[in-house]
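Q: My structure file data_17.txt, compact mmCIF, C-alpha atoms and all ligand atoms, is below:
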# COMPACT_ATOMS: atom_id res chain seq x y z
CA MET V 1123 6.39 -26.85 -8.01
CA LYS V 1124 5.82 -23.49 -6.37
CA HIS V 1125 2.44 -21.76 -6.61
CA LEU V 1126 1.91 -19.79 -9.79
CA ASN V 1127 2.87 -16.13 -9.66
CA GLU V 1128 0.86 -13.21 -10.98
CA GLU V 1129 2.62 -13.18 -14.35
CA GLN V 1130 2.09 -16.89 -14.89
CA LEU V 1131 -1.59 -16.63 -14.06
CA ILE V 1132 -1.92 -13.76 -16.53
CA ASP V 1133 -0.08 -15.84 -19.16
CA LEU V 1134 -2.57 -18.63 -18.62
CA LEU V 1135 -5.52 -16.29 -18.89
CA PHE V 1136 -4.28 -14.76 -22.14
CA ASP V 1137 -2.54 -17.85 -23.51
CA SER V 1138 0.70 -15.93 -23.72
CA ALA V 1139 3.20 -18.41 -22.27
CA ASP V 1140 3.94 -20.66 -25.21
CA ASP V 1141 6.46 -23.12 -23.82
CA GLU V 1142 5.44 -23.30 -20.20
CA GLN V 1143 1.70 -23.47 -20.89
CA PRO V 1144 1.18 -27.26 -20.34
CA GLU V 1145 3.10 -27.26 -17.05
CA LEU V 1146 1.18 -24.26 -15.79
CA ARG V 1147 -2.14 -25.84 -16.72
CA ALA V 1148 -1.18 -29.03 -14.95
CA HIS V 1149 -0.41 -27.14 -11.77
CA LEU V 1150 -3.65 -25.20 -12.02
CA ALA V 1151 -5.66 -28.41 -12.35
CA GLU V 1152 -4.22 -29.81 -9.13
CA CYS V 1153 -3.80 -26.75 -6.95
CA GLU V 1154 -6.86 -25.36 -5.18
CA PRO V 1155 -5.39 -21.97 -4.08
CA CYS V 1156 -4.00 -21.23 -7.55
CA ARG V 1157 -7.32 -22.12 -9.12
CA GLY V 1158 -9.02 -19.72 -6.73
CA ARG V 1159 -6.78 -16.87 -7.82
CA PHE V 1160 -7.21 -17.81 -11.46
CA THR V 1161 -11.01 -17.78 -11.34
CA LEU V 1162 -10.89 -14.46 -9.54
CA ILE V 1163 -9.00 -12.75 -12.38
CA GLN V 1164 -11.19 -14.64 -14.85
CA SER V 1165 -14.24 -13.01 -13.24
CA GLY V 1166 -12.43 -9.69 -13.44
CA LEU V 1167 -11.85 -10.19 -17.16
CA THR V 1168 -15.49 -11.09 -17.81
CA PHE V 1169 -16.56 -8.05 -15.83
CA ALA V 1170 -14.21 -5.79 -17.79
CA GLN V 1171 -15.29 -7.21 -21.14
CA ALA V 1172 -18.89 -6.35 -20.32
CA GLY V 1173 -17.72 -2.75 -20.23
CA LYS V 1174 -16.14 -2.90 -23.65
CA MET V 1175 -18.32 -0.84 -25.88
CA GLU V 1176 -18.34 -0.23 -29.56
CA VAL V 1177 -17.20 3.24 -30.46
CA PRO V 1178 -20.18 5.26 -31.72
CA GLN V 1179 -20.13 5.90 -35.47
CA ASN V 1180 -20.84 9.58 -35.03
CA ILE V 1181 -17.54 10.49 -33.46
CA THR V 1182 -15.29 11.51 -36.27
CA PRO V 1183 -12.67 14.11 -35.51
CA ILE V 1184 -12.57 17.03 -37.93
CA GLY V 1185 -9.89 19.52 -38.78
CA LEU V 1186 -7.06 17.12 -38.07
CA ASN V 1187 -4.72 18.26 -40.79
CA TYR V 1188 -1.41 19.96 -41.31
CA ARG V 1189 -2.86 23.32 -42.29
CA SER V 1190 -5.17 23.82 -39.34
CA MET V 1191 -2.49 22.65 -36.92
CA ALA V 1192 0.11 24.96 -38.34
CA ARG V 1193 -2.35 27.81 -37.91
CA LYS V 1194 -3.12 26.75 -34.35
CA THR V 1195 0.58 26.77 -33.47
CA TRP V 1196 0.90 30.30 -34.78
CA THR V 1197 -2.22 31.45 -32.93
CA ASN V 1198 -1.03 30.00 -29.62
CA ARG V 1199 2.33 31.74 -29.84
CA PHE V 1200 0.74 34.99 -30.90
CA LEU V 1201 -1.88 34.75 -28.19
CA LEU V 1202 0.35 35.04 -25.17
CA ALA V 1203 2.38 37.96 -26.46
CA ALA V 1204 -0.61 39.82 -27.80
CA ALA V 1205 -3.05 39.40 -24.94
CA ALA V 1206 -1.19 41.65 -22.53
CA VAL V 1207 -0.92 44.42 -25.13
CA PHE V 1208 -4.59 44.16 -26.02
CA ILE V 1209 -5.68 44.55 -22.42
CA VAL V 1210 -3.93 47.89 -22.30
CA PHE V 1211 -5.56 48.90 -25.60
CA SER V 1212 -8.98 47.87 -24.39
CA ILE V 1213 -8.70 50.01 -21.26
CA LEU V 1214 -7.64 52.92 -23.48
CA GLY V 1215 -10.82 52.64 -25.53
CA PHE V 1216 -10.32 49.99 -28.14
CA ARG V 1217 -12.72 47.15 -28.64
CA VAL V 1218 -11.00 43.80 -28.40
CA ASP V 1219 -12.41 40.56 -29.73
CA TYR V 1220 -11.10 37.11 -29.21
CA ASN V 1221 -12.16 33.87 -30.86
CA ARG V 1222 -10.60 30.60 -31.97
CA GLU V 1223 -8.96 32.33 -34.90
CA GLY V 1224 -7.25 34.97 -32.80
CA PHE V 1225 -7.69 38.60 -31.88
CA SER V 1226 -9.14 41.60 -33.61
CA MET V 1227 -9.70 45.12 -32.45
CA SER V 1228 -11.33 48.39 -33.38
CA PHE V 1229 -11.73 51.82 -31.86
CA SER V 1230 -14.92 51.93 -29.84
CA VAL V 1231 -15.28 55.43 -28.35
CA LEU V 1232 -16.63 57.60 -31.09
CA GLY V 1233 -16.68 61.13 -29.75
CA ALA V 1234 -19.61 62.97 -31.34
CA VAL V 1235 -19.51 66.54 -30.02
CA PRO V 1236 -22.52 67.05 -27.72
CA LYS V 1237 -24.62 70.18 -28.29
CA THR V 1238 -27.23 70.37 -25.56
CA GLN V 1239 -27.24 69.33 -21.91
CA ASN V 1240 -29.53 66.42 -22.70
CA GLU V 1241 -27.17 65.26 -25.40
CA GLN V 1242 -24.28 65.51 -22.98
CA VAL V 1243 -26.10 63.26 -20.53
CA GLU V 1244 -26.85 60.82 -23.31
CA VAL V 1245 -23.22 60.78 -24.41
CA LEU V 1246 -22.13 60.11 -20.86
CA GLN V 1247 -24.59 57.28 -20.54
CA GLU V 1248 -23.36 55.82 -23.79
CA GLN V 1249 -19.83 56.12 -22.52
CA LEU V 1250 -20.78 54.31 -19.35
CA VAL V 1251 -22.22 51.47 -21.41
CA ALA V 1252 -19.19 51.43 -23.70
CA MET V 1253 -16.81 51.40 -20.75
CA GLU V 1254 -18.67 48.53 -19.14
CA LYS V 1255 -18.51 46.64 -22.41
CA ARG V 1256 -14.77 47.22 -22.65
CA LEU V 1257 -14.25 46.07 -19.12
CA PHE V 1258 -16.18 42.89 -19.76
CA ASP V 1259 -14.11 42.34 -22.90
CA ALA V 1260 -10.91 42.93 -20.97
CA MET V 1261 -12.07 40.47 -18.32
CA ALA V 1262 -12.82 37.89 -20.98
CA VAL V 1263 -9.41 38.42 -22.55
CA GLN V 1264 -7.69 38.05 -19.21
CA ASN V 1265 -9.51 34.81 -18.55
CA GLN V 1266 -8.73 33.51 -22.03
CA MET V 1267 -5.10 34.34 -21.46
CA ALA V 1268 -5.00 32.54 -18.15
CA TYR V 1269 -6.60 29.48 -19.72
CA ALA V 1270 -4.23 29.65 -22.67
CA GLN V 1271 -1.31 29.75 -20.27
CA LEU V 1272 -2.78 26.80 -18.44
CA SER V 1273 -3.10 24.68 -21.56
CA ASP V 1274 0.33 25.71 -22.78
CA ARG V 1275 1.88 24.76 -19.47
CA LEU V 1276 0.02 21.46 -19.46
CA GLU V 1277 1.52 20.62 -22.82
CA ASN V 1278 4.99 21.28 -21.56
CA TYR V 1279 4.44 18.99 -18.62
CA GLU V 1280 3.72 16.12 -20.92
CA TYR V 1281 7.36 15.08 -20.77
CA GLU V 1282 8.18 16.43 -17.32
CA ARG V 1283 5.27 15.33 -15.28
CA ALA V 1284 6.88 15.64 -11.91
CA VAL V 1285 4.81 18.67 -11.05
CA GLU V 1286 1.46 17.84 -9.55
CA LEU V 1287 -1.16 18.93 -12.09
CA SER V 1288 -3.97 19.15 -9.62
CA GLU V 1289 -2.07 21.64 -7.48
CA PHE V 1290 -1.30 23.68 -10.56
CA SER V 1291 -4.89 23.84 -11.78
CA ARG V 1292 -6.00 24.86 -8.27
CA GLN V 1293 -3.53 27.72 -8.43
CA ILE V 1294 -4.75 28.84 -11.83
CA GLU V 1295 -8.31 28.64 -10.63
CA SER V 1296 -7.59 30.83 -7.63
CA ASN V 1297 -5.77 33.27 -9.93
CA LEU V 1298 -8.86 33.43 -12.08
CA HIS V 1299 -11.00 34.13 -9.02
CA GLN V 1300 -8.64 36.90 -8.06
CA VAL V 1301 -8.93 38.41 -11.55
CA ASP V 1302 -12.71 38.30 -11.26
CA ARG V 1303 -12.65 39.97 -7.85
CA ASP V 1304 -10.29 42.71 -9.06
CA ASN V 1305 -12.50 43.36 -12.06
CA GLU V 1306 -15.58 43.63 -9.85
CA ILE V 1307 -13.90 46.19 -7.63
CA MET V 1308 -12.75 48.16 -10.66
CA MET V 1309 -16.21 48.05 -12.16
CA ALA V 1310 -17.81 49.28 -8.95
CA SER V 1311 -15.50 52.27 -8.75
CA TYR V 1312 -16.13 53.16 -12.41
CA ARG V 1313 -19.86 53.01 -11.79
CA THR V 1314 -19.62 55.37 -8.81
CA GLN V 1315 -17.46 57.82 -10.72
CA ILE V 1316 -19.67 57.90 -13.78
CA GLY V 1317 -22.79 58.09 -11.60
CA LYS V 1318 -21.33 61.20 -9.95
CA MET V 1319 -20.53 62.72 -13.35
CA LEU V 1320 -24.09 62.11 -14.51
CA GLU V 1321 -25.50 63.69 -11.34
CA THR V 1322 -23.30 66.77 -11.82
CA GLN V 1323 -24.50 67.12 -15.43
CA LYS V 1324 -28.15 66.88 -14.43
CA VAL V 1325 -27.76 69.44 -11.61
CA LYS V 1326 -25.98 71.83 -14.00
CA GLY V 1327 -28.74 71.34 -16.56
CA ARG V 1328 -31.41 72.30 -14.01
CA ILE V 1329 -29.56 75.40 -12.75
CA GLN V 1330 -29.22 76.86 -16.24
CA MET F 814 1.29 8.79 -50.05
CA ASN F 815 -1.00 6.09 -48.70
CA GLN F 816 1.34 3.33 -49.89
CA LEU F 817 4.31 4.72 -47.95
CA MET F 818 5.39 3.21 -44.64
CA ASP F 819 5.11 5.10 -41.37
CA VAL F 820 8.85 5.75 -41.26
CA GLU F 821 8.81 7.35 -44.69
CA LEU F 822 5.73 9.43 -43.96
CA VAL F 823 7.22 10.62 -40.69
CA GLN F 824 10.39 11.71 -42.43
CA LEU F 825 8.47 13.61 -45.10
CA ALA F 826 6.24 15.22 -42.49
CA GLN F 827 9.32 16.29 -40.55
CA GLU F 828 10.55 17.97 -43.71
CA GLY F 829 7.30 19.92 -43.79
CA LYS F 830 5.36 17.92 -46.38
CA SER F 831 1.78 18.54 -45.32
CA GLU F 832 0.38 15.61 -47.35
CA ALA F 833 2.60 13.21 -45.42
CA PHE F 834 1.31 14.44 -42.09
CA ASP F 835 -2.27 14.28 -43.35
CA ALA F 836 -1.70 10.70 -44.51
CA LEU F 837 -0.45 9.73 -41.03
CA VAL F 838 -3.50 11.35 -39.45
CA LYS F 839 -5.80 9.52 -41.83
CA ARG F 840 -4.07 6.24 -41.08
CA TYR F 841 -4.36 6.52 -37.31
CA GLN F 842 -7.19 8.84 -36.38
CA ASN F 843 -9.81 6.12 -36.03
CA LYS F 844 -7.58 3.91 -33.93
CA VAL F 845 -6.68 6.79 -31.63
CA THR F 846 -10.31 7.90 -31.37
CA GLN F 847 -11.33 4.36 -30.45
CA LEU F 848 -8.66 4.10 -27.77
CA VAL F 849 -9.53 7.47 -26.31
CA TYR F 850 -13.25 6.76 -26.35
CA ARG F 851 -12.75 3.51 -24.46
CA TYR F 852 -10.74 5.45 -21.94
CA VAL F 853 -13.14 8.33 -21.34
CA HIS F 854 -16.55 6.94 -22.45
CA ASP F 855 -17.80 10.28 -23.72
CA ASN F 856 -18.09 11.59 -27.29
CA ASP F 857 -17.28 15.25 -26.72
CA THR F 858 -14.43 14.58 -24.33
CA ALA F 859 -13.02 11.98 -26.72
CA LEU F 860 -13.10 14.41 -29.65
CA ASP F 861 -11.42 17.15 -27.61
CA LEU F 862 -8.72 14.75 -26.51
CA VAL F 863 -8.14 13.44 -30.03
CA GLN F 864 -7.69 17.01 -31.28
CA ASP F 865 -5.26 17.65 -28.49
CA ILE F 866 -3.34 14.42 -29.10
CA PHE F 867 -2.85 15.08 -32.81
CA PHE F 868 -1.83 18.63 -32.09
CA LYS F 869 0.83 17.31 -29.70
CA ILE F 870 1.95 14.83 -32.33
CA PHE F 871 2.18 17.69 -34.81
CA ARG F 872 4.18 19.87 -32.46
CA ASN F 873 6.52 17.18 -31.24
CA LEU F 874 7.06 15.30 -34.48
CA GLY F 875 10.34 17.13 -35.00
CA ARG F 876 11.64 15.68 -31.75
CA PHE F 877 10.70 12.12 -32.72
CA LYS F 878 13.96 10.39 -33.66
CA GLY F 879 12.57 6.96 -34.48
CA GLU F 880 13.74 5.33 -31.24
CA CYS F 881 10.55 3.26 -31.41
CA ALA F 882 7.79 2.69 -33.96
CA PHE F 883 5.79 5.79 -34.80
CA SER F 884 2.58 4.08 -33.69
CA THR F 885 4.14 3.26 -30.31
CA TRP F 886 5.22 6.86 -29.86
CA MET F 887 1.77 8.05 -30.89
CA TYR F 888 -0.08 5.68 -28.55
CA ARG F 889 2.20 6.81 -25.74
CA ILE F 890 1.12 10.41 -26.28
CA ALA F 891 -2.50 9.29 -26.45
CA VAL F 892 -2.34 7.26 -23.23
CA ASN F 893 -0.56 10.05 -21.38
CA ASP F 894 -3.19 12.51 -22.53
CA CYS F 895 -5.97 10.24 -21.31
CA ILE F 896 -4.25 9.81 -17.97
CA ASP F 897 -3.79 13.56 -17.59
CA HIS F 898 -7.44 14.03 -18.40
CA THR F 899 -8.66 11.53 -15.82
CA ARG F 900 -6.27 12.99 -13.27
CA ARG F 901 -7.70 16.48 -13.79
CA LEU F 902 -11.18 15.00 -13.59
CA LYS F 903 -10.46 13.15 -10.37
CA VAL F 904 -9.45 16.36 -8.64
CA ARG F 905 -12.98 17.58 -9.16
CA GLN F 906 -14.98 14.45 -8.51
CA GLU F 907 -13.39 11.84 -6.30
CA THR F 908 -14.88 8.54 -7.38
CA SER F 909 -15.40 6.15 -4.55
CA LEU F 910 -15.97 2.46 -4.41
CA ASP F 911 -19.09 3.10 -2.35
CA GLN F 912 -20.73 4.59 -5.43
CA LEU F 913 -20.31 1.25 -7.10
CA ALA F 914 -22.28 -0.54 -4.42
CA GLU F 915 -25.19 1.81 -5.03
CA VAL F 916 -25.51 0.65 -8.62
CA GLY F 917 -27.23 -2.71 -8.26
CA PHE F 918 -28.59 -5.30 -10.60
CA ASP F 919 -32.09 -5.10 -11.99
CA ALA F 920 -34.31 -6.42 -9.21
CA GLN F 921 -37.06 -7.26 -11.73
CA ASP F 922 -34.79 -9.72 -13.48
CA THR F 923 -35.92 -13.03 -12.03
CA ARG F 924 -34.53 -15.37 -14.69
CA LYS F 925 -32.59 -18.27 -13.28
CA GLU F 926 -29.53 -18.95 -15.37
CA ALA F 927 -27.70 -22.22 -15.01
CA ASP F 928 -24.54 -20.89 -16.52
CA VAL F 929 -23.46 -17.64 -14.91
CA TRP F 930 -20.70 -17.01 -17.42
CA ALA F 931 -22.91 -17.28 -20.48
CA SER F 932 -25.53 -14.85 -19.28
CA VAL F 933 -23.27 -12.47 -17.46
CA GLN F 934 -22.54 -10.19 -20.39
CA GLU F 935 -26.10 -9.04 -20.79
CA ARG F 936 -26.87 -8.90 -17.10
CA ILE F 937 -24.12 -6.54 -16.12
CA ASP F 938 -25.08 -2.92 -16.26
CA SER F 939 -22.36 -1.40 -18.36
CA ALA F 940 -22.53 1.87 -16.45
CA MET F 941 -21.54 -0.06 -13.36
CA VAL F 942 -18.61 -1.66 -15.13
CA ARG F 943 -17.54 1.73 -16.37
CA GLN F 944 -17.54 3.06 -12.82
CA ALA F 945 -15.45 0.12 -11.74
CA LEU F 946 -12.96 0.74 -14.57
CA GLU F 947 -12.76 4.39 -13.68
CA SER F 948 -12.00 3.53 -10.09
CA LEU F 949 -8.82 1.68 -11.13
CA PRO F 950 -5.49 3.46 -10.63
CA ASN F 951 -4.36 5.06 -13.90
CA ASP F 952 -1.44 2.72 -14.57
CA GLN F 953 -3.67 -0.34 -14.17
CA ARG F 954 -6.44 1.19 -16.25
CA SER F 955 -4.05 1.92 -19.13
CA VAL F 956 -2.87 -1.69 -19.25
CA LEU F 957 -6.43 -2.96 -19.06
CA VAL F 958 -7.68 -0.71 -21.88
CA LEU F 959 -4.74 -1.59 -24.13
CA LYS F 960 -4.90 -5.34 -23.47
CA VAL F 961 -8.57 -6.13 -23.03
CA PHE F 962 -10.15 -3.49 -25.27
CA GLU F 963 -7.47 -2.75 -27.85
CA GLU F 964 -6.19 -6.35 -27.78
CA MET F 965 -2.55 -5.41 -28.09
CA THR F 966 0.30 -7.80 -27.31
CA PHE F 967 2.19 -7.50 -24.03
CA GLU F 968 5.27 -6.47 -26.04
CA GLN F 969 3.41 -3.59 -27.67
CA ILE F 970 1.96 -2.42 -24.37
CA ALA F 971 5.35 -2.60 -22.70
CA SER F 972 6.93 -0.36 -25.31
CA ILE F 973 4.03 2.10 -25.33
CA LEU F 974 4.08 2.49 -21.57
CA GLY F 975 7.85 2.18 -21.33
CA GLU F 976 7.76 -0.56 -18.67
CA PRO F 977 9.05 -4.15 -18.59
CA ILE F 978 6.60 -6.86 -19.66
CA SER F 979 6.62 -8.36 -16.17
CA THR F 980 5.42 -5.05 -14.71
CA ILE F 981 2.66 -4.85 -17.30
CA LYS F 982 1.48 -8.37 -16.48
CA SER F 983 1.46 -7.83 -12.77
CA ARG F 984 -0.46 -4.56 -13.18
CA LEU F 985 -3.03 -6.34 -15.28
CA TYR F 986 -3.26 -9.03 -12.61
CA LYS F 987 -3.94 -6.42 -9.94
CA ALA F 988 -6.55 -4.69 -12.09
CA LEU F 989 -8.38 -7.94 -12.84
CA GLU F 990 -8.15 -9.03 -9.22
CA LEU F 991 -9.79 -5.78 -8.15
CA LEU F 992 -12.50 -6.05 -10.79
CA GLY F 993 -13.06 -9.71 -9.92
CA ARG F 994 -13.63 -8.78 -6.29
CA GLN F 995 -16.07 -6.05 -7.25
CA PHE F 996 -17.88 -8.42 -9.55
CA ARG F 997 -18.28 -10.99 -6.81
CA GLN F 998 -19.42 -8.35 -4.40
CA GLN F 999 -22.13 -7.45 -6.89
CA GLN F 1000 -23.17 -11.06 -7.27
CA PHE F 1001 -23.38 -11.34 -3.51
CA LEU F 1002 -25.52 -8.20 -3.27
CA GLU F 1003 -27.78 -9.56 -5.96
CA ARG F 1004 -28.32 -12.83 -4.16
CA PHE F 1005 -29.00 -10.89 -0.97
CA LYS F 1006 -31.73 -8.86 -2.70
CA LYS F 1007 -33.70 -11.89 -3.83
ZN ZN V 1401 -0.49 -23.57 -6.59
Show this structure as structure tokens.
Ligand SMILES: [Zn+2]
A:
Amino acid sequence: MKHLNEEQLIDLLFDSADDEQPELRAHLAECEPCRGRFTLIQSGLTFAQAGKMEVPQNITPIGLNYRSMARKTWTNRFLLAAAAVFIVFSILGFRVDYNREGFSMSFSVLGAVPKTQNEQVEVLQEQLVAMEKRLFDAMAVQNQMAYAQLSDRLENYEYERAVELSEFSRQIESNLHQVDRDNEIMMASYRTQIGKMLETQKVKGRIQ
Amino acid sequence: MNQLMDVELVQLAQEGKSEAFDALVKRYQNKVTQLVYRYVHDNDTALDLVQDIFFKIFRNLGRFKGECAFSTWMYRIAVNDCIDHTRRLKVRQETSLDQLAEVGFDAQDTRKEADVWASVQERIDSAMVRQALESLPNDQRSVLVLKVFEEMTFEQIASILGEPISTIKSRLYKALELLGRQFRQQQFLERFKK
């Protein structure tokens, strides 16, 4: 009889070769090399079984039901279409919020008419703060959108997994870095501009 | 609902009956959670993956035409999700076999055991085993988790992974061979320490 092959050795280890079993055992008892290979995978099994752990009681998934999933589907679809529009809105002066439930927005620049020079400076400072806030929001939305695209794409690859996922996530990551860099540059230029405006207001205030 | 068979529940869920889908979730969520946990060894990651898996099941249920058992189809999605997860993880932190050698046995443990096999379970640091399991190629790891931890039959595993039984067996052989070598290496290191 030939030496036992990998499948036969596995059958012996898991008792899964019903008919052949006695023959295989007989060979194993007589053949030194086969016994060597068998004890090796036996050690491997013992080693693996030592790593088998009981699943902790405290992990119970929540929210796994039809309703929440139907809502999630809707949110995901809505998300991609809406995010681009909201970025434009946020630059124009709307406040954009994003959370697991979706988006919401409100108008954030409330233009109280300034009366004195001091008030004008205050208003400008407030506007600077508000603009920074909007930019941060816009940045967050952009990032969320990129991540949403990433997870959506990943889902599509489930059945067509030819594309290398690692390469793809590297690309997304570098896109995200680029978005961050762009935002920083934009922020810096806004700061300079508003700083100049504030200076001009102060100088005017002194001259009067 | 709970008395219905998978096939019936699937059909009702495909027609949009939310109770049918919820019944399927209830029937399988613990099994899937267990499988995923044994794959990733981390509570939070496991919960995230389980959410993701059931969401995929929800979204793709319409495309399921009953070409195999629902549970097989579901486990296939679960295993693929676990593999994708570990693949993404490996990009960030390449696990090496050298790391394994750094995790040794407890040097204080001076007991002399006549029967290695009987005492081995408690003596092996499970973190070390986990590292060894994580170092296996994904296809081998899947077979190992399904056979050794989930105790499925070779037929079930073959249909979940969509491979012939012979391929499954030879993958398991390779996985166990690799683990066996690592185990012996550890035993050797231990002897060397004393
Ligand atoms: Zn032989």
Q: Select, as a ChimeraX atom specification, those residues of chain V with any atom no more than 7 Å from chain F (distances computed using all atoms listed in the file).
A: /V:1128-1129,1132,1162-1163,1165-1167,1169-1170,1172-1174,1177,1181,1183,1186-1188,1191,1288
Q: Kindly provide, as a short mmCIF file (atom, residue, chain, number, x, y, z; two decimals) with C-alpha atoms, in the frame of the given file, all nucleotide and amino acid residues lying within 7 Å of ligand ZN 1401 (chain V), counting only C-alpha atoms and all ligand atoms.
A:
data_model
loop_
_atom_site.label_atom_id
_atom_site.label_comp_id
_atom_site.auth_asym_id
_atom_site.auth_seq_id
_atom_site.Cartn_x
_atom_site.Cartn_y
_atom_site.Cartn_z
CA LYS V 1124 5.82 -23.49 -6.37
CA HIS V 1125 2.44 -21.76 -6.61
CA LEU V 1126 1.91 -19.79 -9.79
CA HIS V 1149 -0.41 -27.14 -11.77
CA LEU V 1150 -3.65 -25.20 -12.02
CA CYS V 1153 -3.80 -26.75 -6.95
CA GLU V 1154 -6.86 -25.36 -5.18
CA PRO V 1155 -5.39 -21.97 -4.08
CA CYS V 1156 -4.00 -21.23 -7.55
#
Q: Could you jot down the atom CA of F:Leu874 to atom CA of F:Gln827 separation for me, Å, one decimal place?
A: 6.6 Å
